[in-house]
>>> print(open('input36.cif').read())   # mmCIF, N, CA and C atoms
data_work
#
loop_
_atom_site.label_atom_id
_atom_site.label_comp_id
_atom_site.auth_asym_id
_atom_site.auth_seq_id
_atom_site.Cartn_x
_atom_site.Cartn_y
_atom_site.Cartn_z
N MET Y 896 65.10 10.89 96.47
CA MET Y 896 65.79 10.22 97.57
C MET Y 896 66.41 8.92 97.06
N GLU Y 897 67.57 8.59 97.56
CA GLU Y 897 68.30 7.39 97.15
C GLU Y 897 67.65 6.15 97.75
N ARG Y 898 67.53 5.12 96.92
CA ARG Y 898 66.95 3.86 97.36
C ARG Y 898 68.02 3.05 98.08
N ARG Y 899 67.66 2.44 99.21
CA ARG Y 899 68.60 1.64 99.98
C ARG Y 899 68.10 0.20 99.98
N ASP Y 900 68.88 -0.70 99.36
CA ASP Y 900 68.50 -2.10 99.30
C ASP Y 900 68.92 -2.85 100.56
N ASP Y 901 69.90 -2.34 101.24
CA ASP Y 901 70.42 -3.01 102.42
C ASP Y 901 69.52 -2.70 103.61
N PRO Y 902 68.87 -3.72 104.24
CA PRO Y 902 67.96 -3.45 105.34
C PRO Y 902 68.63 -2.77 106.52
N ILE Y 903 69.91 -3.02 106.73
CA ILE Y 903 70.61 -2.37 107.83
C ILE Y 903 70.74 -0.88 107.53
N ASP Y 904 71.04 -0.54 106.26
CA ASP Y 904 71.15 0.86 105.89
C ASP Y 904 69.82 1.58 105.98
N ALA Y 905 68.73 0.89 105.65
CA ALA Y 905 67.42 1.52 105.63
C ALA Y 905 67.01 1.95 107.03
N ALA Y 906 67.53 1.29 108.04
CA ALA Y 906 67.12 1.56 109.42
C ALA Y 906 67.90 2.70 110.06
N GLY Y 907 68.97 3.14 109.47
CA GLY Y 907 69.78 4.15 110.14
C GLY Y 907 70.62 4.94 109.17
N PRO Y 908 71.64 5.61 109.70
CA PRO Y 908 72.49 6.44 108.84
C PRO Y 908 73.26 5.59 107.85
N ARG Y 909 73.66 6.25 106.79
CA ARG Y 909 74.39 5.56 105.72
C ARG Y 909 75.74 5.07 106.21
N ARG Y 910 76.11 3.90 105.68
CA ARG Y 910 77.45 3.39 105.93
C ARG Y 910 78.39 4.06 104.94
N PRO Y 911 79.68 4.08 105.25
CA PRO Y 911 80.65 4.66 104.31
C PRO Y 911 80.67 3.90 102.98
N ARG Y 912 81.02 4.58 101.93
CA ARG Y 912 81.09 3.95 100.61
C ARG Y 912 82.06 2.78 100.60
N THR Y 913 83.14 2.90 101.35
CA THR Y 913 84.11 1.80 101.37
C THR Y 913 83.47 0.54 101.95
N SER Y 914 82.59 0.69 102.93
CA SER Y 914 81.91 -0.46 103.50
C SER Y 914 81.03 -1.13 102.46
N HIS Y 915 80.31 -0.32 101.68
CA HIS Y 915 79.48 -0.87 100.60
C HIS Y 915 80.35 -1.57 99.56
N LEU Y 916 81.47 -0.95 99.22
CA LEU Y 916 82.37 -1.54 98.23
C LEU Y 916 82.91 -2.89 98.71
N ILE Y 917 83.31 -2.94 99.97
CA ILE Y 917 83.82 -4.19 100.53
C ILE Y 917 82.73 -5.27 100.51
N ASP Y 918 81.50 -4.88 100.83
CA ASP Y 918 80.39 -5.84 100.79
C ASP Y 918 80.17 -6.37 99.37
N ARG Y 919 80.28 -5.50 98.39
CA ARG Y 919 80.09 -5.93 97.00
C ARG Y 919 81.21 -6.87 96.56
N VAL Y 920 82.44 -6.56 96.95
CA VAL Y 920 83.57 -7.44 96.63
C VAL Y 920 83.35 -8.80 97.27
N SER Y 921 82.95 -8.80 98.54
CA SER Y 921 82.69 -10.05 99.23
C SER Y 921 81.57 -10.84 98.56
N GLU Y 922 80.54 -10.14 98.15
CA GLU Y 922 79.41 -10.78 97.46
C GLU Y 922 79.87 -11.38 96.13
N LEU Y 923 80.66 -10.64 95.39
CA LEU Y 923 81.17 -11.13 94.11
C LEU Y 923 82.07 -12.34 94.31
N LEU Y 924 82.95 -12.28 95.30
CA LEU Y 924 83.87 -13.39 95.54
C LEU Y 924 83.16 -14.64 96.03
N GLY Y 925 81.98 -14.47 96.61
CA GLY Y 925 81.24 -15.60 97.12
C GLY Y 925 80.42 -16.34 96.08
N ARG Y 926 80.38 -15.84 94.87
CA ARG Y 926 79.59 -16.49 93.81
C ARG Y 926 80.34 -17.68 93.23
N GLU Y 927 79.58 -18.70 92.86
CA GLU Y 927 80.18 -19.92 92.33
C GLU Y 927 80.98 -19.69 91.04
N PRO Y 928 80.48 -18.90 90.09
CA PRO Y 928 81.29 -18.67 88.88
C PRO Y 928 82.64 -18.00 89.17
N THR Y 929 82.66 -17.10 90.15
CA THR Y 929 83.92 -16.45 90.52
C THR Y 929 84.88 -17.47 91.11
N PHE Y 930 84.37 -18.31 91.99
CA PHE Y 930 85.20 -19.36 92.58
C PHE Y 930 85.75 -20.29 91.50
N ALA Y 931 84.89 -20.70 90.56
CA ALA Y 931 85.32 -21.59 89.48
C ALA Y 931 86.40 -20.92 88.62
N ALA Y 932 86.24 -19.63 88.33
CA ALA Y 932 87.23 -18.91 87.53
C ALA Y 932 88.58 -18.85 88.26
N ILE Y 933 88.53 -18.61 89.56
CA ILE Y 933 89.78 -18.54 90.34
C ILE Y 933 90.47 -19.90 90.35
N VAL Y 934 89.69 -20.96 90.54
CA VAL Y 934 90.27 -22.31 90.54
C VAL Y 934 90.89 -22.62 89.18
N LEU Y 935 90.20 -22.28 88.09
CA LEU Y 935 90.74 -22.52 86.75
C LEU Y 935 92.04 -21.75 86.52
N CYS Y 936 92.09 -20.51 86.97
CA CYS Y 936 93.32 -19.71 86.83
C CYS Y 936 94.45 -20.33 87.65
N ASP Y 937 94.16 -20.76 88.86
CA ASP Y 937 95.19 -21.38 89.70
C ASP Y 937 95.71 -22.67 89.06
N VAL Y 938 94.79 -23.51 88.59
CA VAL Y 938 95.20 -24.76 87.95
C VAL Y 938 96.01 -24.46 86.70
N GLY Y 939 95.56 -23.49 85.91
CA GLY Y 939 96.30 -23.10 84.71
C GLY Y 939 97.70 -22.62 85.03
N ALA Y 940 97.85 -21.82 86.08
CA ALA Y 940 99.17 -21.33 86.47
C ALA Y 940 100.06 -22.47 86.94
N ILE Y 941 99.50 -23.40 87.71
CA ILE Y 941 100.29 -24.55 88.19
C ILE Y 941 100.73 -25.41 87.02
N VAL Y 942 99.82 -25.68 86.08
CA VAL Y 942 100.16 -26.49 84.91
C VAL Y 942 101.23 -25.79 84.09
N ALA Y 943 101.10 -24.50 83.89
CA ALA Y 943 102.09 -23.76 83.11
C ALA Y 943 103.47 -23.83 83.75
N VAL Y 944 103.53 -23.69 85.06
CA VAL Y 944 104.81 -23.75 85.75
C VAL Y 944 105.41 -25.15 85.65
N VAL Y 945 104.57 -26.19 85.82
CA VAL Y 945 105.07 -27.56 85.78
C VAL Y 945 105.47 -27.96 84.36
N VAL Y 946 104.63 -27.66 83.38
CA VAL Y 946 104.90 -28.07 82.00
C VAL Y 946 106.05 -27.28 81.38
N VAL Y 947 106.00 -25.98 81.54
CA VAL Y 947 107.03 -25.13 80.94
C VAL Y 947 108.31 -25.17 81.76
N GLY Y 948 108.20 -25.43 83.03
CA GLY Y 948 109.37 -25.50 83.88
C GLY Y 948 109.86 -24.15 84.34
N VAL Y 949 109.05 -23.13 84.20
CA VAL Y 949 109.42 -21.79 84.63
C VAL Y 949 109.22 -21.72 86.14
N ARG Y 950 110.28 -21.44 86.85
CA ARG Y 950 110.17 -21.46 88.31
C ARG Y 950 110.44 -20.08 88.92
N ASP Y 951 111.63 -19.60 88.82
CA ASP Y 951 111.98 -18.33 89.46
C ASP Y 951 112.15 -17.24 88.42
N THR Y 952 111.05 -16.82 87.87
CA THR Y 952 111.09 -15.74 86.89
C THR Y 952 110.23 -14.59 87.41
N PRO Y 953 110.39 -13.43 86.82
CA PRO Y 953 109.55 -12.30 87.24
C PRO Y 953 108.06 -12.57 87.05
N VAL Y 954 107.70 -13.34 86.03
CA VAL Y 954 106.29 -13.66 85.79
C VAL Y 954 105.73 -14.50 86.93
N VAL Y 955 106.46 -15.53 87.34
CA VAL Y 955 106.01 -16.38 88.44
C VAL Y 955 105.94 -15.56 89.73
N SER Y 956 106.92 -14.70 89.95
CA SER Y 956 106.91 -13.84 91.14
C SER Y 956 105.70 -12.91 91.13
N ALA Y 957 105.39 -12.36 89.97
CA ALA Y 957 104.23 -11.47 89.86
C ALA Y 957 102.93 -12.22 90.12
N ILE Y 958 102.82 -13.43 89.57
CA ILE Y 958 101.62 -14.25 89.80
C ILE Y 958 101.49 -14.58 91.28
N SER Y 959 102.61 -14.95 91.89
CA SER Y 959 102.59 -15.28 93.32
C SER Y 959 102.17 -14.08 94.15
N MET Y 960 102.71 -12.91 93.83
CA MET Y 960 102.35 -11.69 94.56
C MET Y 960 100.87 -11.37 94.36
N PHE Y 961 100.38 -11.51 93.13
CA PHE Y 961 98.97 -11.23 92.85
C PHE Y 961 98.06 -12.17 93.65
N VAL Y 962 98.40 -13.45 93.67
CA VAL Y 962 97.59 -14.42 94.41
C VAL Y 962 97.61 -14.09 95.90
N SER Y 963 98.75 -13.72 96.43
CA SER Y 963 98.85 -13.36 97.86
C SER Y 963 98.00 -12.14 98.17
N LEU Y 964 98.09 -11.11 97.34
CA LEU Y 964 97.30 -9.90 97.57
C LEU Y 964 95.81 -10.16 97.41
N ALA Y 965 95.44 -10.96 96.42
CA ALA Y 965 94.03 -11.30 96.21
C ALA Y 965 93.49 -12.06 97.42
N THR Y 966 94.29 -12.96 97.95
CA THR Y 966 93.87 -13.72 99.14
C THR Y 966 93.68 -12.78 100.33
N LEU Y 967 94.58 -11.85 100.52
CA LEU Y 967 94.47 -10.89 101.62
C LEU Y 967 93.20 -10.05 101.47
N VAL Y 968 92.92 -9.57 100.26
CA VAL Y 968 91.71 -8.78 100.02
C VAL Y 968 90.47 -9.61 100.32
N MET Y 969 90.47 -10.87 99.86
CA MET Y 969 89.30 -11.73 100.09
C MET Y 969 89.08 -11.96 101.57
N VAL Y 970 90.14 -12.24 102.32
CA VAL Y 970 90.00 -12.48 103.76
C VAL Y 970 89.46 -11.23 104.45
N CYS Y 971 89.99 -10.07 104.11
CA CYS Y 971 89.53 -8.83 104.74
C CYS Y 971 88.08 -8.53 104.37
N ALA Y 972 87.70 -8.75 103.12
CA ALA Y 972 86.32 -8.49 102.69
C ALA Y 972 85.34 -9.41 103.41
N VAL Y 973 85.67 -10.68 103.48
CA VAL Y 973 84.78 -11.63 104.16
C VAL Y 973 84.69 -11.31 105.64
N GLN Y 974 85.81 -10.97 106.27
CA GLN Y 974 85.80 -10.63 107.69
C GLN Y 974 84.96 -9.39 107.95
N HIS Y 975 85.09 -8.38 107.11
CA HIS Y 975 84.32 -7.14 107.27
C HIS Y 975 82.83 -7.42 107.21
N THR Y 976 82.41 -8.14 106.18
CA THR Y 976 81.00 -8.44 106.00
C THR Y 976 80.47 -9.32 107.12
N SER Y 977 81.22 -10.32 107.48
CA SER Y 977 80.81 -11.23 108.55
C SER Y 977 80.68 -10.49 109.87
N SER Y 978 81.61 -9.63 110.16
CA SER Y 978 81.59 -8.87 111.41
C SER Y 978 80.38 -7.96 111.47
N ARG Y 979 80.10 -7.25 110.39
CA ARG Y 979 78.96 -6.33 110.36
C ARG Y 979 77.65 -7.10 110.51
N GLU Y 980 77.52 -8.21 109.80
CA GLU Y 980 76.31 -9.01 109.88
C GLU Y 980 76.14 -9.62 111.28
N SER Y 981 77.23 -10.05 111.88
CA SER Y 981 77.17 -10.61 113.23
C SER Y 981 76.73 -9.56 114.24
N LYS Y 982 77.28 -8.36 114.12
CA LYS Y 982 76.89 -7.28 115.04
C LYS Y 982 75.41 -6.94 114.88
N ALA Y 983 74.95 -6.88 113.63
CA ALA Y 983 73.54 -6.57 113.38
C ALA Y 983 72.64 -7.67 113.95
N LEU Y 984 73.03 -8.91 113.76
CA LEU Y 984 72.24 -10.03 114.30
C LEU Y 984 72.19 -9.99 115.82
N ASN Y 985 73.32 -9.69 116.45
CA ASN Y 985 73.34 -9.58 117.92
C ASN Y 985 72.44 -8.45 118.41
N LEU Y 986 72.43 -7.33 117.70
CA LEU Y 986 71.56 -6.22 118.08
C LEU Y 986 70.09 -6.63 117.97
N LYS Y 987 69.74 -7.34 116.90
CA LYS Y 987 68.36 -7.79 116.72
C LYS Y 987 67.96 -8.76 117.82
N LEU Y 988 68.85 -9.68 118.14
CA LEU Y 988 68.55 -10.63 119.22
C LEU Y 988 68.41 -9.92 120.56
N ASP Y 989 69.29 -8.95 120.82
CA ASP Y 989 69.20 -8.19 122.06
C ASP Y 989 67.85 -7.48 122.15
N GLU Y 990 67.39 -6.94 121.05
CA GLU Y 990 66.10 -6.25 121.05
C GLU Y 990 64.96 -7.24 121.31
N LEU Y 991 65.03 -8.41 120.71
CA LEU Y 991 64.00 -9.42 120.96
C LEU Y 991 64.00 -9.85 122.43
N ILE Y 992 65.17 -10.01 123.01
CA ILE Y 992 65.25 -10.36 124.43
C ILE Y 992 64.67 -9.24 125.28
N ARG Y 993 64.99 -8.01 124.91
CA ARG Y 993 64.54 -6.85 125.69
C ARG Y 993 63.02 -6.76 125.73
N VAL Y 994 62.35 -7.04 124.62
CA VAL Y 994 60.89 -6.88 124.57
C VAL Y 994 60.13 -8.14 124.93
N SER Y 995 60.83 -9.23 125.23
CA SER Y 995 60.15 -10.48 125.58
C SER Y 995 60.33 -10.78 127.06
N GLU Y 996 59.87 -11.95 127.43
CA GLU Y 996 60.02 -12.39 128.81
C GLU Y 996 61.31 -13.18 129.01
N ALA Y 997 62.20 -13.14 128.05
CA ALA Y 997 63.47 -13.88 128.16
C ALA Y 997 64.36 -13.23 129.21
N ARG Y 998 65.40 -13.93 129.57
CA ARG Y 998 66.33 -13.44 130.60
C ARG Y 998 67.13 -12.26 130.05
N SER Y 999 66.93 -11.11 130.65
CA SER Y 999 67.57 -9.89 130.15
C SER Y 999 69.08 -9.89 130.36
N GLU Y 1000 69.60 -10.75 131.26
CA GLU Y 1000 71.06 -10.76 131.47
C GLU Y 1000 71.80 -11.32 130.26
N LEU Y 1001 71.07 -11.89 129.30
CA LEU Y 1001 71.73 -12.39 128.09
C LEU Y 1001 71.96 -11.30 127.06
N ILE Y 1002 71.37 -10.13 127.27
CA ILE Y 1002 71.62 -9.01 126.35
C ILE Y 1002 73.10 -8.66 126.43
N GLY Y 1003 73.75 -8.62 125.30
CA GLY Y 1003 75.17 -8.31 125.25
C GLY Y 1003 76.07 -9.47 125.60
N ALA Y 1004 75.52 -10.69 125.57
CA ALA Y 1004 76.32 -11.86 125.95
C ALA Y 1004 77.55 -12.04 125.06
N GLU Y 1005 77.50 -11.52 123.84
CA GLU Y 1005 78.65 -11.68 122.94
C GLU Y 1005 79.90 -10.97 123.45
N GLU Y 1006 79.73 -10.10 124.43
CA GLU Y 1006 80.86 -9.38 125.01
C GLU Y 1006 81.47 -10.10 126.21
N GLU Y 1007 80.83 -11.18 126.67
CA GLU Y 1007 81.28 -11.86 127.87
C GLU Y 1007 82.39 -12.86 127.58
N SER Y 1008 83.05 -13.31 128.64
CA SER Y 1008 84.14 -14.27 128.50
C SER Y 1008 83.60 -15.64 128.10
N HIS Y 1009 84.49 -16.48 127.62
CA HIS Y 1009 84.10 -17.84 127.23
C HIS Y 1009 83.56 -18.62 128.42
N SER Y 1010 84.16 -18.44 129.59
CA SER Y 1010 83.69 -19.18 130.76
C SER Y 1010 82.29 -18.73 131.17
N ARG Y 1011 82.02 -17.43 131.05
CA ARG Y 1011 80.67 -16.94 131.39
C ARG Y 1011 79.65 -17.45 130.37
N LEU Y 1012 80.03 -17.50 129.10
CA LEU Y 1012 79.13 -18.05 128.08
C LEU Y 1012 78.85 -19.52 128.34
N ALA Y 1013 79.87 -20.26 128.76
CA ALA Y 1013 79.68 -21.67 129.09
C ALA Y 1013 78.72 -21.82 130.27
N THR Y 1014 78.81 -20.91 131.24
CA THR Y 1014 77.90 -20.94 132.38
C THR Y 1014 76.46 -20.68 131.92
N HIS Y 1015 76.28 -19.68 131.04
CA HIS Y 1015 74.95 -19.40 130.48
C HIS Y 1015 74.41 -20.63 129.76
N ALA Y 1016 75.25 -21.26 128.96
CA ALA Y 1016 74.81 -22.43 128.19
C ALA Y 1016 74.39 -23.56 129.12
N ALA Y 1017 75.16 -23.78 130.19
CA ALA Y 1017 74.81 -24.83 131.14
C ALA Y 1017 73.49 -24.52 131.84
N GLU Y 1018 73.28 -23.25 132.18
CA GLU Y 1018 72.02 -22.85 132.82
C GLU Y 1018 70.83 -23.07 131.88
N LEU Y 1019 71.02 -22.75 130.61
CA LEU Y 1019 69.94 -22.94 129.63
C LEU Y 1019 69.64 -24.43 129.43
N ARG Y 1020 70.68 -25.26 129.38
CA ARG Y 1020 70.46 -26.71 129.26
C ARG Y 1020 69.71 -27.25 130.47
N GLU Y 1021 70.07 -26.77 131.65
CA GLU Y 1021 69.41 -27.23 132.88
C GLU Y 1021 67.94 -26.79 132.89
N SER Y 1022 67.68 -25.56 132.51
CA SER Y 1022 66.29 -25.10 132.50
C SER Y 1022 65.47 -25.86 131.46
N ARG Y 1023 66.09 -26.25 130.35
CA ARG Y 1023 65.40 -27.05 129.33
C ARG Y 1023 65.09 -28.44 129.88
N ARG Y 1024 66.03 -29.02 130.62
CA ARG Y 1024 65.80 -30.33 131.23
C ARG Y 1024 64.66 -30.28 132.24
N GLN Y 1025 64.59 -29.19 132.97
CA GLN Y 1025 63.52 -29.05 133.98
C GLN Y 1025 62.15 -28.94 133.31
N LEU Y 1026 62.12 -28.28 132.15
CA LEU Y 1026 60.85 -28.14 131.43
C LEU Y 1026 60.42 -29.44 130.76
N ASP Y 1027 61.40 -30.19 130.26
CA ASP Y 1027 61.12 -31.45 129.57
C ASP Y 1027 62.05 -32.53 130.10
N PRO Y 1028 61.62 -33.28 131.10
CA PRO Y 1028 62.51 -34.27 131.73
C PRO Y 1028 62.97 -35.37 130.78
N ARG Y 1029 62.30 -35.54 129.65
CA ARG Y 1029 62.69 -36.60 128.70
C ARG Y 1029 63.93 -36.22 127.91
N GLY Y 1030 64.22 -34.96 127.78
CA GLY Y 1030 65.32 -34.71 126.91
C GLY Y 1030 66.00 -33.45 127.03
#
>>> encode(input="input36.cif", output="structure tokens")
Amino acid sequence: MERRDDPIDAAGPRRPRTSHLIDRVSELLGREPTFAAIVLCDVGAIVAVVVVGVRDTPVVSAISMFVSLATLVMVCAVQHTSSRESKALNLKLDELIRVSEARSELIGAEEESHSRLATHAAELRESRRQLDPRG
């Protein structure tokens, strides 16, 4: 049987391979050495353009296109991972609310409008004040 390191995967059906790949890309891009390498490459490209004076050449266009595509991939990878983790966290919180004495109307609150969330927040602040009048 295949070992699953991802706790979300261990609890249910397998995620698609593309989802795992995107998570790995996001993980790799989030490492400090990767960030440092990208910054060094960007600085090197800027220095080369300024020092050499090469402005509108196919090489500069290719570098610009590569940087744009890399940025798009990074944004999509981070968004994918963040969205999946946020959904998993909301499910865990919903389950904790369901099995506790907490207010069950907060289950699924992430689907509510901003005004309804503000109302929930105000109610929670008020109930906290009632429990502790000092603060």
>>> atom_distance(input="input36.cif", atom1="atom N of Ser995 (chain Y)", atom2="atom C of Lys982 (chain Y)")
18.0 Å
>>> closest_residue(input="input36.cif", among="Y:Glu996, Y:Asp1027, Y:Glu1021, Y:Glu980", to="Asp918 (chain Y)", atoms="only C-alpha atoms")
Y:Glu980
>>> atom_distance(input="input36.cif", atom1="CA of Ile917 (chain Y)", atom2="CA of Ala965 (chain Y)")
13.2 Å
>>> atom_distance(input="input36.cif", atom1="atom C of Ala1016 (chain Y)", atom2="atom N of Ala1004 (chain Y)")
13.4 Å
>>> resolve_selection(input="input36.cif", expression="the PyMOL selection byres (((chain Y and resi 954-958 and name CA) around 12) and name CA)", output="list in words")
Cys936, Asp937, Gly939, Ala940, Ile941, Ala943, Val944, Val945, Val947, Gly948, Val949, Arg950, Asp951, Thr952, Pro953, Ser959, Met960, Phe961, Val962, Ser963, Leu964 and Ala965 of chain Y
>>> closest_atom_pairs(input="input36.cif", of="region 901-948 of chain Y", to="region 973-979 of chain Y", cutoff="12 Å", atoms="only C-alpha atoms", output="tab-separated table")
residue	atom	partner	partner_atom	distance
Y:Ile903	CA	Y:Arg979	CA	9.6
Y:Asp904	CA	Y:Arg979	CA	11.5
Y:Arg910	CA	Y:Arg979	CA	10.8
Y:Thr913	CA	Y:His975	CA	10.7
Y:Ser914	CA	Y:His975	CA	8.0
Y:His915	CA	Y:Thr976	CA	9.4
Y:Leu916	CA	Y:Thr976	CA	10.5
Y:Ile917	CA	Y:His975	CA	7.4
Y:Asp918	CA	Y:Thr976	CA	5.9
Y:Arg919	CA	Y:Thr976	CA	9.4
Y:Val920	CA	Y:Val973	CA	8.7
Y:Ser921	CA	Y:Val973	CA	5.6
Y:Glu922	CA	Y:Val973	CA	8.6
Y:Leu923	CA	Y:Val973	CA	10.7
Y:Leu924	CA	Y:Val973	CA	8.8
Y:Gly925	CA	Y:Val973	CA	8.8
>>> write_last_selection(input="input36.cif", atoms="N, CA and C atoms", output="mmCIF file, in the coordinates of the input")
data_model
loop_
_atom_site.group_PDB
_atom_site.id
_atom_site.type_symbol
_atom_site.label_atom_id
_atom_site.label_comp_id
_atom_site.auth_asym_id
_atom_site.auth_seq_id
_atom_site.Cartn_x
_atom_site.Cartn_y
_atom_site.Cartn_z
ATOM 1 N N ILE Y 903 69.910 -3.020 106.730
ATOM 2 C CA ILE Y 903 70.610 -2.370 107.830
ATOM 3 C C ILE Y 903 70.740 -0.880 107.530
ATOM 4 N N ASP Y 904 71.040 -0.540 106.260
ATOM 5 C CA ASP Y 904 71.150 0.860 105.890
ATOM 6 C C ASP Y 904 69.820 1.580 105.980
ATOM 7 N N ARG Y 910 76.110 3.900 105.680
ATOM 8 C CA ARG Y 910 77.450 3.390 105.930
ATOM 9 C C ARG Y 910 78.390 4.060 104.940
ATOM 10 N N THR Y 913 83.140 2.900 101.350
ATOM 11 C CA THR Y 913 84.110 1.800 101.370
ATOM 12 C C THR Y 913 83.470 0.540 101.950
ATOM 13 N N SER Y 914 82.590 0.690 102.930
ATOM 14 C CA SER Y 914 81.910 -0.460 103.500
ATOM 15 C C SER Y 914 81.030 -1.130 102.460
ATOM 16 N N HIS Y 915 80.310 -0.320 101.680
ATOM 17 C CA HIS Y 915 79.480 -0.870 100.600
ATOM 18 C C HIS Y 915 80.350 -1.570 99.560
ATOM 19 N N LEU Y 916 81.470 -0.950 99.220
ATOM 20 C CA LEU Y 916 82.370 -1.540 98.230
ATOM 21 C C LEU Y 916 82.910 -2.890 98.710
ATOM 22 N N ILE Y 917 83.310 -2.940 99.970
ATOM 23 C CA ILE Y 917 83.820 -4.190 100.530
ATOM 24 C C ILE Y 917 82.730 -5.270 100.510
ATOM 25 N N ASP Y 918 81.500 -4.880 100.830
ATOM 26 C CA ASP Y 918 80.390 -5.840 100.790
ATOM 27 C C ASP Y 918 80.170 -6.370 99.370
ATOM 28 N N ARG Y 919 80.280 -5.500 98.390
ATOM 29 C CA ARG Y 919 80.090 -5.930 97.000
ATOM 30 C C ARG Y 919 81.210 -6.870 96.560
ATOM 31 N N VAL Y 920 82.440 -6.560 96.950
ATOM 32 C CA VAL Y 920 83.570 -7.440 96.630
ATOM 33 C C VAL Y 920 83.350 -8.800 97.270
ATOM 34 N N SER Y 921 82.950 -8.800 98.540
ATOM 35 C CA SER Y 921 82.690 -10.050 99.230
ATOM 36 C C SER Y 921 81.570 -10.840 98.560
ATOM 37 N N GLU Y 922 80.540 -10.140 98.150
ATOM 38 C CA GLU Y 922 79.410 -10.780 97.460
ATOM 39 C C GLU Y 922 79.870 -11.380 96.130
ATOM 40 N N LEU Y 923 80.660 -10.640 95.390
ATOM 41 C CA LEU Y 923 81.170 -11.130 94.110
ATOM 42 C C LEU Y 923 82.070 -12.340 94.310
ATOM 43 N N LEU Y 924 82.950 -12.280 95.300
ATOM 44 C CA LEU Y 924 83.870 -13.390 95.540
ATOM 45 C C LEU Y 924 83.160 -14.640 96.030
ATOM 46 N N GLY Y 925 81.980 -14.470 96.610
ATOM 47 C CA GLY Y 925 81.240 -15.600 97.120
ATOM 48 C C GLY Y 925 80.420 -16.340 96.080
#
>>> select_by_dssp(input="input36.cif", residues="chain Y", states="alpha helix (DSSP H)", output="JSON, numbers by chain")
{"Y": [902, 903, 904, 905, 912, 913, 914, 915, 916, 917, 918, 919, 920, 921, 922, 923, 924, 927, 928, 929, 930, 931, 932, 933, 934, 935, 936, 937, 938, 939, 940, 941, 942, 943, 944, 945, 946, 947, 953, 954, 955, 956, 957, 958, 959, 960, 961, 962, 963, 964, 965, 966, 967, 968, 969, 970, 971, 972, 973, 974, 975, 976, 977, 978, 979, 980, 981, 982, 983, 984, 985, 986, 987, 988, 989, 990, 991, 992, 993, 994, 1009, 1010, 1011, 1012, 1013, 1014, 1015, 1016, 1017, 1018, 1019, 1020, 1021, 1022, 1023, 1024, 1025, 1026]}
